Amino acid sequence: MEKKALLYEGKAKKVYMTDEENKLIVSYKDDATAFNGAKKGVIEAKGIVNNRLSNYFMKMLETKGIPTHFIEELNDRETVVEKVTIIPLEVIVRNFAAGSLSKRLGLEEGTRLNKTVLEYSYKNDELGDPMINDYHIFALDIATKEELDMIEAYAFRINEALTAHLEEVNIELIDFKVEFGKTSKGQIILADEISPDTCRFWDAITNKKLDKDRFRRNLGDVEDAYQEVMNRLLVHDN
Ligand code: ADP
Ligand code: UDP
């Protein structure tokens, strides 16, 4: 497969066309941003860890019947994925209160939620990714009722599979964000990435944060935390 023109450069990844119409190459960068791009930095080797981890999780989810964009890992930082039209929604699933939910509802971080919470943000940098509900989604023609039902069902199944898998390596899945897209055949599949950039991972025993909050909040040990998640999963599999 041949890498062709750069299609898009985002905050964390570059996306390239290929000589095959329905395939893209995603290249993970070490660049880190937070607060809608207001805080910028570099997390050494983050691109390598996130590429590996995201592929690891997507492969695991495929075995649980969740269709994903993953096709083939090319090298440390690059992966071939199925090209989709991204549905402009950040689908957020929360098991424990943290981050913006804690602020909004005055809940202490780490409070277990009695029921899993599903939220949507409209993926639009200019507007700062505002939170929206299903009425907005239908009013703006972002997805149909059938598509949203499918997205919701996948999001809960992803949560169950990831939570159970991470429990085995003593990591609590606090919350996460996923994106879905539509293939050329109209199928909805999981796209983008699943990594410490897009999830909150806490050590189940010490509650140490093993995710991007270390960067957002200047907690130090950022590189080690990303590596730690990867190492635990690799040890688990051997
Ligand atoms: P951002 O756009 O938020 O800065 P990234 O740096 O992660 O994010 O850029 C990657 C972009 O590629 C995102 O906009 C994401 O929605 C998009 N994307 C992820 N997977 C696919 C895919 N399979 N097909 C098309 N676009 C994708
Ligand atoms: N998240 C993300 N991208 C975003 C916003 C949130 O990946 O643009 C993830 C974030 O890492 C966390 C979850 O979604 O795992 C919930 O984030 P929250 O709404 O609490 O926002 P934050 O505190 O990150 O601003």
# chains A, B, ... in the order shown; residues from 1 in each chain; ligands from 1
$ residues_near_ligand --ligand "ligand 1" --cutoff "10 Å" --atoms "only C-alpha atoms and all ligand atoms" --output "count of residues only"
56
$ residues_near_ligand --ligand "ligand 2" --cutoff "10 Å" --atoms "only C-alpha atoms and all ligand atoms" --output "count of residues only"
50
$ closest_atom_pairs --of "segment 137-165 of chain A" --to "segment 43-58 of chain A" --cutoff "12 Å" --atoms "only C-alpha atoms" --output "CSV"
residue,atom,partner,partner_atom,distance
A:Ile158,CA,A:Phe57,CA,9.6
A:Asn159,CA,A:Phe57,CA,11.4
A:Ala161,CA,A:Phe57,CA,9.4
A:Leu162,CA,A:Phe57,CA,7.7
A:Thr163,CA,A:Phe57,CA,11.3
A:His165,CA,A:Phe57,CA,9.3
$ write_last_selection --atoms "N, CA and C atoms" --output "PDB file, in the first residue's frame"
ATOM      1  N   ILE A 158     -19.030  -1.183  24.308  1.00  0.00           N
ATOM      2  CA  ILE A 158     -17.600  -0.844  24.390  1.00  0.00           C
ATOM      3  C   ILE A 158     -17.225  -0.625  25.855  1.00  0.00           C
ATOM      4  N   ASN A 159     -18.092   0.082  26.576  1.00  0.00           N
ATOM      5  CA  ASN A 159     -17.837   0.346  27.990  1.00  0.00           C
ATOM      6  C   ASN A 159     -17.709  -0.963  28.773  1.00  0.00           C
ATOM      7  N   ALA A 161     -16.973  -4.000  27.684  1.00  0.00           N
ATOM      8  CA  ALA A 161     -15.788  -4.777  27.289  1.00  0.00           C
ATOM      9  C   ALA A 161     -14.503  -4.133  27.814  1.00  0.00           C
ATOM     10  N   LEU A 162     -14.390  -2.829  27.692  1.00  0.00           N
ATOM     11  CA  LEU A 162     -13.171  -2.153  28.152  1.00  0.00           C
ATOM     12  C   LEU A 162     -13.056  -2.224  29.671  1.00  0.00           C
ATOM     13  N   THR A 163     -14.168  -1.983  30.369  1.00  0.00           N
ATOM     14  CA  THR A 163     -14.145  -2.009  31.835  1.00  0.00           C
ATOM     15  C   THR A 163     -13.663  -3.366  32.328  1.00  0.00           C
ATOM     16  N   HIS A 165     -11.965  -5.700  30.731  1.00  0.00           N
ATOM     17  CA  HIS A 165     -10.586  -5.984  30.329  1.00  0.00           C
ATOM     18  C   HIS A 165      -9.585  -5.215  31.205  1.00  0.00           C
TER      19      HIS A 165
END
$ residues_around --residues "Tyr135 of chain A" --least-positions-apart "3" --cutoff "12 Å" --atoms "only C-alpha atoms" --output "ChimeraX atom specification"
/A:120,131-132,138-145,148
$ select_by_dssp --residues "segment 30-236 of chain A" --states "strand (DSSP E or B)" --output "number ranges by chain"
A: 31-34, 39-42, 68, 70-73, 78-82, 85-86, 89-96, 112-122, 131-132, 171-182, 188-191, 199-203, 209
$ closest_residue --among "A:Gly41, A:Leu107, A:Arg112, A:Glu147" --to "Val222 of chain A" --atoms "only C-alpha atoms"
A:Gly41
$ select_by_dssp --residues "segment 60-117 of chain A" --states "helix (DSSP H, G or I)" --output "PyMOL selection string"
chain A and resi 60-63+99-105
$ write_last_selection --atoms "C-alpha atoms" --output "short mmCIF file (atom, residue, chain, number, x, y, z; two decimals), in the first residue's frame"
data_model
loop_
_atom_site.label_atom_id
_atom_site.label_comp_id
_atom_site.auth_asym_id
_atom_site.auth_seq_id
_atom_site.Cartn_x
_atom_site.Cartn_y
_atom_site.Cartn_z
CA MET A 60 -10.15 -6.69 21.43
CA LEU A 61 -13.48 -4.97 20.66
CA GLU A 62 -13.67 -6.70 17.26
CA THR A 63 -13.61 -10.04 19.10
CA GLY A 99 -13.62 16.38 34.77
CA SER A 100 -16.40 18.49 33.33
CA LEU A 101 -19.16 16.35 34.89
CA SER A 102 -17.74 16.88 38.38
CA LYS A 103 -17.66 20.63 37.76
CA ARG A 104 -21.11 20.79 36.20
CA LEU A 105 -22.89 18.76 38.89
#
$ atom_distance --atom1 "atom CA of Gln187 of chain A" --atom2 "atom CA of Met150 of chain A"
10.3 Å
$ closest_residue --among "A:Glu223, A:Phe96, A:Glu152, A:Ile66" --to "Val42 of chain A" --atoms "only C-alpha atoms"
A:Glu223
